[in-house]
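Structure record follows, encoded as structure tokens.
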Amino acid sequence: MGPIKEQLRCGSCWAFSTISIIEGAYSILTGQQPQFSEQQLVDCDTSNFGCNGGWAPGALDHIKTNGIAFAVDYPYKNAKGTCNTTAPRNKVLSSFESCDPCNLTSQMEMLASGPLWVVVDATAGFQNYKFGIIENTVCKKTNHAVVLIGNKNDNDGKGDYFVVRNSWGAAWGNFGNFFIRVQPSDNTCLISTMSFRSTVTTLPVPIPPIVKPSATLYTLQNYAGDSLVLYNSSLDLGSFKLKANSFKSNGMIKLGIFTKTNCTGSYVWDTKSFPSLYDKNNKVQSVVAQPNQPNFGCVWVWNNYCHTGDYREICKDIADMTTIGFNNSISSIQIGIGVKSVSVYLSVNFEGTDSSFSTDRFSYYGYETSYGSYDKKILSLKLVKA
């Protein structure tokens, strides 16, 4: 299965657990590790309640009927938003089933085929769990969805225990999982009272590489308050704009947060995490996340703002951009090590209006300078190597 995920403050455990059993089933079937979109369920599954809870049957039925987007096409926002109907959907779920009757025996039979969507009483000592096997629980009500992934016995005379996958991040518990002793008295903290399993089919499209969060924004200093997880660059955070007073970078080469859409306005641009940003009462409205950089002596050019959209790597002067199959306007540029400056021209053969710069452009010709806020089709480009 893929990396442990984190639902943050949104009550979307039901969505994370639903996606997890589908990802796990797909990994068993194909050996690949897809990442599907929890956010689609939060936004679009009308049988459930977004960040206020939900259940597997409606979520699985939604995916079976409508398909499910990859996380890279529909990233998690830690809040309920408007359903994105344009993100490509994948018909991966062919069927699903629940245990009937639900008990330890039927659950173990289902577990032999793949991970199970189950529920637990998360108030029974789970908040402070760090490691080891949870013993002697007293559980009274189901209030949290998790994924049962295994049943083990250490041959120490204490009996079997479940291995359960949570959605509270890899820093919680045993690398995001918890172990709990099987006990009939409360159906193992109610885990054995409900189970759902998915059956998937191989997709005809390539599986995108695993996406890790690029950064997390926080409304308060020192990484506190409401938060927003960022997975990639964004032209417009839409309803998820928030006033950020701190942020954590997750290994980005560069990260930029901007106070206006299309990567304009005031911004912070750095590689480090910041426990205390300037306080200007401005909401973050767009983001550039750079996990990689061009090869030495090269630049990347994009046809959209914020280093998004279609792009090309250019390592030499180009007299006619159409010869490299790039017929679009250049709206943002990332300069690699070994490039001193870039000159761009509005005509082929390095003619017409030109502009030169030595730093990255996030919104070129939409940039708030004397160039004006309009897009032009750049037809030739020169590099000055360092």
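Chain labels run A, B, ... following the order of the structure tokens; each chain numbers its residues from 1, and ligands are numbered from 1 in the order shown.
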Spatial neighbours of segment 32-36 of chain A, max dist 9 Å, only C-alpha atoms, sep filter under 3 positions, as a PDB file with C-alpha atoms, in the first residue's frame:
ATOM      1  CA  MET A   1       0.000   0.000   0.000  1.00  0.00           C
ATOM      2  CA  GLY A   2       1.038   3.570  -0.513  1.00  0.00           C
ATOM      3  CA  ILE A  19      -9.788   5.171  -0.884  1.00  0.00           C
ATOM      4  CA  SER A  20      -7.261   3.096   1.064  1.00  0.00           C
ATOM      5  CA  ILE A  22      -9.314   0.506  -3.202  1.00  0.00           C
ATOM      6  CA  GLU A  23      -5.633   1.474  -3.435  1.00  0.00           C
ATOM      7  CA  GLY A  24      -4.694  -1.645  -1.468  1.00  0.00           C
ATOM      8  CA  TYR A  26      -5.265  -2.368  -6.781  1.00  0.00           C
ATOM      9  CA  SER A  27      -1.755  -2.868  -5.409  1.00  0.00           C
ATOM     10  CA  ILE A  28      -2.497  -6.561  -4.740  1.00  0.00           C
ATOM     11  CA  LEU A  29      -3.931  -7.011  -8.239  1.00  0.00           C
ATOM     12  CA  GLN A  39     -11.251  15.102  -2.005  1.00  0.00           C
ATOM     13  CA  GLN A  40     -13.600  13.885  -4.723  1.00  0.00           C
ATOM     14  CA  ILE A  68     -12.563   8.161  -9.065  1.00  0.00           C
ATOM     15  CA  ALA A  69      -9.907  10.738  -9.976  1.00  0.00           C
ATOM     16  CA  PHE A  70      -6.229  10.380  -9.199  1.00  0.00           C
ATOM     17  CA  ALA A  71      -5.083  12.499  -6.268  1.00  0.00           C
ATOM     18  CA  VAL A  72      -2.754  14.464  -8.526  1.00  0.00           C
ATOM     19  CA  ASP A  73      -5.784  15.569 -10.587  1.00  0.00           C
ATOM     20  CA  TYR A  74      -8.006  16.267  -7.574  1.00  0.00           C
ATOM     21  CA  PRO A  75      -5.765  16.950  -4.523  1.00  0.00           C
ATOM     22  CA  ILE A 207      -0.616   5.223 -12.836  1.00  0.00           C
ATOM     23  CA  PRO A 208       0.851   8.623 -11.833  1.00  0.00           C
ATOM     24  CA  PRO A 209       3.834   8.558  -9.473  1.00  0.00           C
ATOM     25  CA  ILE A 210       3.109   8.825  -5.756  1.00  0.00           C
ATOM     26  CA  VAL A 211       2.412  12.412  -4.782  1.00  0.00           C
TER      27      VAL A 211
END
Show which residues sit within 12 Å of Ala319 of chain A, as a ChimeraX atom specification. Count only C-alpha atoms, and ignore same-chain residues fewer than 2 positions away. /A:314,316-317,321-324,343-351,378-383
As a PyMOL selection string, please: the residues near Pro291 of chain A (cut-off 8 Å, only C-alpha atoms, same-chain neighbours under 4 positions excluded). chain A and resi 214+251-254
Give me, as a CSV table (one decimal) with C-alpha atoms, in the first residue's frame, all polymer residues having an atom no more than 12 Å from Asn250 of chain A, counting only C-alpha atoms and skipping those fewer than 4 positions away in the same chain.
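Writing done, so here's out.csv:
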chain,number,residue,atom,x,y,z
A,211,VAL,CA,2.4,12.4,-4.8
A,212,LYS,CA,3.7,13.7,-1.5
A,213,PRO,CA,2.5,17.0,0.0
A,214,SER,CA,4.7,20.0,-1.0
A,215,ALA,CA,3.9,22.1,2.0
A,216,THR,CA,1.3,22.8,4.7
A,217,LEU,CA,0.0,26.4,5.4
A,229,VAL,CA,-2.1,20.8,2.7
A,230,LEU,CA,-0.6,21.7,-0.7
A,231,TYR,CA,0.3,19.0,-3.2
A,232,ASN,CA,1.4,21.0,-6.2
A,254,LYS,CA,11.6,26.3,-3.8
A,255,LEU,CA,8.2,27.2,-2.5
A,271,THR,CA,13.1,26.6,0.6
A,272,LYS,CA,12.7,26.6,4.3
A,273,SER,CA,9.8,26.2,6.7
A,274,PHE,CA,8.7,29.5,8.3
A,289,ALA,CA,5.8,24.4,-5.5
A,290,GLN,CA,9.1,23.3,-7.1
A,291,PRO,CA,10.1,19.7,-6.2
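Minimum atom-to-atom distances from A:Thr201, A:Thr85, A:Ser192, A:Thr123 to Thr30 of chain A were compared using only C-alpha atoms, and the lowest value belongs to A:Thr201.
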Find the spatial neighbours of segment 185-190 of chain A, counting only C-alpha atoms, within a cut-off of 10 Å - ignore same-chain residues fewer than 6 positions away - and output them as an MDAnalysis selection string. chainID A and resid 102:104 118:122 124 135:142 161:162
Could you write out that same residue set with N, CA and C atoms as a PDB file, in the first residue's frame?
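Written file, part-v7.pdb:
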ATOM      1  N   CYS A 102     -21.494 -10.097  10.397  1.00  0.00           N
ATOM      2  CA  CYS A 102     -20.167  -9.592  10.710  1.00  0.00           C
ATOM      3  C   CYS A 102     -19.710 -10.146  12.050  1.00  0.00           C
ATOM      4  N   ASN A 103     -18.640 -10.881  12.007  1.00  0.00           N
ATOM      5  CA  ASN A 103     -18.003 -11.394  13.224  1.00  0.00           C
ATOM      6  C   ASN A 103     -16.545 -11.658  12.892  1.00  0.00           C
ATOM      7  N   LEU A 104     -15.792 -12.112  13.865  1.00  0.00           N
ATOM      8  CA  LEU A 104     -14.357 -12.308  13.661  1.00  0.00           C
ATOM      9  C   LEU A 104     -14.080 -13.319  12.555  1.00  0.00           C
ATOM     10  N   VAL A 118     -13.199  -0.642   8.115  1.00  0.00           N
ATOM     11  CA  VAL A 118     -13.803  -1.001   9.391  1.00  0.00           C
ATOM     12  C   VAL A 118     -13.974   0.270  10.228  1.00  0.00           C
ATOM     13  N   VAL A 119     -14.646   0.123  11.364  1.00  0.00           N
ATOM     14  CA  VAL A 119     -14.863   1.249  12.266  1.00  0.00           C
ATOM     15  C   VAL A 119     -14.343   0.896  13.657  1.00  0.00           C
ATOM     16  N   VAL A 120     -14.106   1.944  14.455  1.00  0.00           N
ATOM     17  CA  VAL A 120     -13.521   1.766  15.775  1.00  0.00           C
ATOM     18  C   VAL A 120     -14.024   2.891  16.682  1.00  0.00           C
ATOM     19  N   ASP A 121     -13.915   2.694  17.976  1.00  0.00           N
ATOM     20  CA  ASP A 121     -14.174   3.763  18.945  1.00  0.00           C
ATOM     21  C   ASP A 121     -12.862   4.490  19.201  1.00  0.00           C
ATOM     22  N   ALA A 122     -12.666   5.623  18.540  1.00  0.00           N
ATOM     23  CA  ALA A 122     -11.387   6.330  18.613  1.00  0.00           C
ATOM     24  C   ALA A 122     -11.197   7.070  19.931  1.00  0.00           C
ATOM     25  N   ALA A 124     -11.244   5.559  22.766  1.00  0.00           N
ATOM     26  CA  ALA A 124     -10.760   4.568  23.735  1.00  0.00           C
ATOM     27  C   ALA A 124      -9.234   4.520  23.780  1.00  0.00           C
ATOM     28  N   GLU A 135      -4.237  -3.061  24.658  1.00  0.00           N
ATOM     29  CA  GLU A 135      -4.834  -4.183  25.389  1.00  0.00           C
ATOM     30  C   GLU A 135      -6.068  -3.717  26.165  1.00  0.00           C
ATOM     31  N   ASN A 136      -7.014  -4.633  26.353  1.00  0.00           N
ATOM     32  CA  ASN A 136      -8.122  -4.442  27.293  1.00  0.00           C
ATOM     33  C   ASN A 136      -8.891  -3.153  27.041  1.00  0.00           C
ATOM     34  N   THR A 137      -9.315  -2.940  25.823  1.00  0.00           N
ATOM     35  CA  THR A 137     -10.097  -1.754  25.510  1.00  0.00           C
ATOM     36  C   THR A 137     -11.531  -1.895  26.023  1.00  0.00           C
ATOM     37  N   VAL A 138     -12.148  -0.775  26.291  1.00  0.00           N
ATOM     38  CA  VAL A 138     -13.570  -0.723  26.631  1.00  0.00           C
ATOM     39  C   VAL A 138     -14.212   0.249  25.652  1.00  0.00           C
ATOM     40  N   CYS A 139     -14.768  -0.278  24.577  1.00  0.00           N
ATOM     41  CA  CYS A 139     -15.283   0.551  23.495  1.00  0.00           C
ATOM     42  C   CYS A 139     -16.805   0.471  23.459  1.00  0.00           C
ATOM     43  N   LYS A 140     -17.440   1.617  23.231  1.00  0.00           N
ATOM     44  CA  LYS A 140     -18.896   1.699  23.342  1.00  0.00           C
ATOM     45  C   LYS A 140     -19.594   2.151  22.072  1.00  0.00           C
ATOM     46  N   LYS A 141     -18.924   2.933  21.215  1.00  0.00           N
ATOM     47  CA  LYS A 141     -19.596   3.437  20.027  1.00  0.00           C
ATOM     48  C   LYS A 141     -18.606   3.599  18.888  1.00  0.00           C
ATOM     49  N   THR A 142     -19.088   3.412  17.679  1.00  0.00           N
ATOM     50  CA  THR A 142     -18.225   3.603  16.507  1.00  0.00           C
ATOM     51  C   THR A 142     -18.234   5.076  16.110  1.00  0.00           C
ATOM     52  N   TYR A 161      -3.474 -10.248  17.323  1.00  0.00           N
ATOM     53  CA  TYR A 161      -3.759  -8.813  17.345  1.00  0.00           C
ATOM     54  C   TYR A 161      -3.924  -8.306  15.909  1.00  0.00           C
ATOM     55  N   PHE A 162      -4.742  -7.274  15.769  1.00  0.00           N
ATOM     56  CA  PHE A 162      -4.981  -6.658  14.472  1.00  0.00           C
ATOM     57  C   PHE A 162      -3.918  -5.604  14.184  1.00  0.00           C
TER      58      PHE A 162
END
Per-residue DSSP, segment 83-298 of chain A, filtered to strand (DSSP E or B), as a ChimeraX atom specification: /A:90,93-98,116-120,133-134,144-152,161-165,168,174,177-181,196-200,215-220,224-230,234,242-243,246-249,254-260,264-270,274,283-284,286-290
Grab the residues selected above and save them as a short mmCIF file (atom, residue, chain, number, x, y, z; two decimals), in the first residue's frame with C-alpha atoms.
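Printed below is result.cif as written:
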data_model
loop_
_atom_site.label_atom_id
_atom_site.label_comp_id
_atom_site.auth_asym_id
_atom_site.auth_seq_id
_atom_site.Cartn_x
_atom_site.Cartn_y
_atom_site.Cartn_z
CA ASN A 90 -11.21 6.23 -13.51
CA LEU A 93 -14.09 -0.32 -8.77
CA SER A 94 -16.00 -3.27 -10.21
CA SER A 95 -17.81 -4.38 -7.02
CA PHE A 96 -17.79 -4.26 -3.23
CA GLU A 97 -19.22 -6.37 -0.44
CA SER A 98 -19.79 -6.32 3.29
CA LEU A 116 -11.04 -3.93 4.89
CA TRP A 117 -12.93 -0.72 5.69
CA VAL A 118 -13.80 -1.00 9.39
CA VAL A 119 -14.86 1.25 12.27
CA VAL A 120 -13.52 1.77 15.77
CA ILE A 133 -0.31 -3.43 21.28
CA ILE A 134 -3.46 -1.85 22.72
CA HIS A 144 -13.90 6.61 13.32
CA ALA A 145 -13.25 4.72 10.08
CA VAL A 146 -9.91 2.94 9.64
CA VAL A 147 -8.48 0.10 7.52
CA LEU A 148 -7.80 -3.40 8.79
CA ILE A 149 -4.71 -4.64 6.96
CA GLY A 150 -3.51 -7.68 8.94
CA ASN A 151 -3.87 -10.19 11.77
CA LYS A 152 -0.74 -11.32 13.62
CA TYR A 161 -3.76 -8.81 17.35
CA PHE A 162 -4.98 -6.66 14.47
CA VAL A 163 -2.76 -4.35 12.40
CA VAL A 164 -4.84 -1.28 11.54
CA ARG A 165 -4.03 1.65 9.27
CA TRP A 168 -3.73 10.74 11.13
CA ASN A 174 3.41 3.16 14.88
CA ASN A 177 -0.71 2.34 12.17
CA PHE A 178 -1.87 0.81 15.44
CA PHE A 179 -1.92 -2.70 16.89
CA ILE A 180 -4.84 -3.91 18.98
CA ARG A 181 -5.37 -7.22 20.77
CA PHE A 196 -16.29 -3.66 3.54
CA ARG A 197 -14.03 -5.04 0.83
CA SER A 198 -13.50 -3.81 -2.73
CA THR A 199 -12.87 -5.63 -6.00
CA VAL A 200 -11.01 -3.61 -8.62
CA ALA A 215 3.86 22.09 2.04
CA THR A 216 1.30 22.84 4.73
CA LEU A 217 0.03 26.36 5.44
CA TYR A 218 -1.19 27.35 8.91
CA THR A 219 -3.35 30.28 9.97
CA LEU A 220 -1.35 30.83 13.18
CA ALA A 224 -0.87 26.04 14.62
CA GLY A 225 -4.48 26.84 13.81
CA ASP A 226 -6.38 25.79 10.69
CA SER A 227 -4.22 24.24 8.00
CA LEU A 228 -4.17 23.57 4.28
CA VAL A 229 -2.09 20.81 2.70
CA LEU A 230 -0.60 21.69 -0.69
CA SER A 234 -2.07 26.24 -7.83
CA LEU A 242 -6.51 31.36 4.04
CA LYS A 243 -4.42 33.91 5.86
CA SER A 246 3.44 29.99 9.09
CA PHE A 247 4.19 27.16 6.68
CA LYS A 248 6.15 23.92 6.53
CA SER A 249 7.94 22.94 3.36
CA LYS A 254 11.62 26.29 -3.79
CA LEU A 255 8.19 27.22 -2.48
CA GLY A 256 6.31 30.46 -3.16
CA ILE A 257 3.06 31.65 -1.60
CA PHE A 258 1.30 34.64 -3.20
CA THR A 259 -1.40 37.04 -2.01
CA LYS A 260 -3.14 37.20 -5.39
CA THR A 264 1.02 37.77 -8.40
CA GLY A 265 0.99 40.20 -5.51
CA SER A 266 3.17 40.02 -2.39
CA TYR A 267 4.92 36.71 -1.83
CA VAL A 268 7.34 34.68 0.23
CA TRP A 269 9.78 32.62 -1.85
CA ASP A 270 12.19 30.26 -0.13
CA PHE A 274 8.69 29.46 8.35
CA LYS A 283 -4.89 35.55 2.29
CA VAL A 284 -2.73 33.18 0.27
CA SER A 286 -1.92 31.01 -5.27
CA VAL A 287 1.14 28.82 -4.78
CA VAL A 288 4.25 27.68 -6.65
CA ALA A 289 5.80 24.41 -5.49
CA GLN A 290 9.09 23.32 -7.09
#
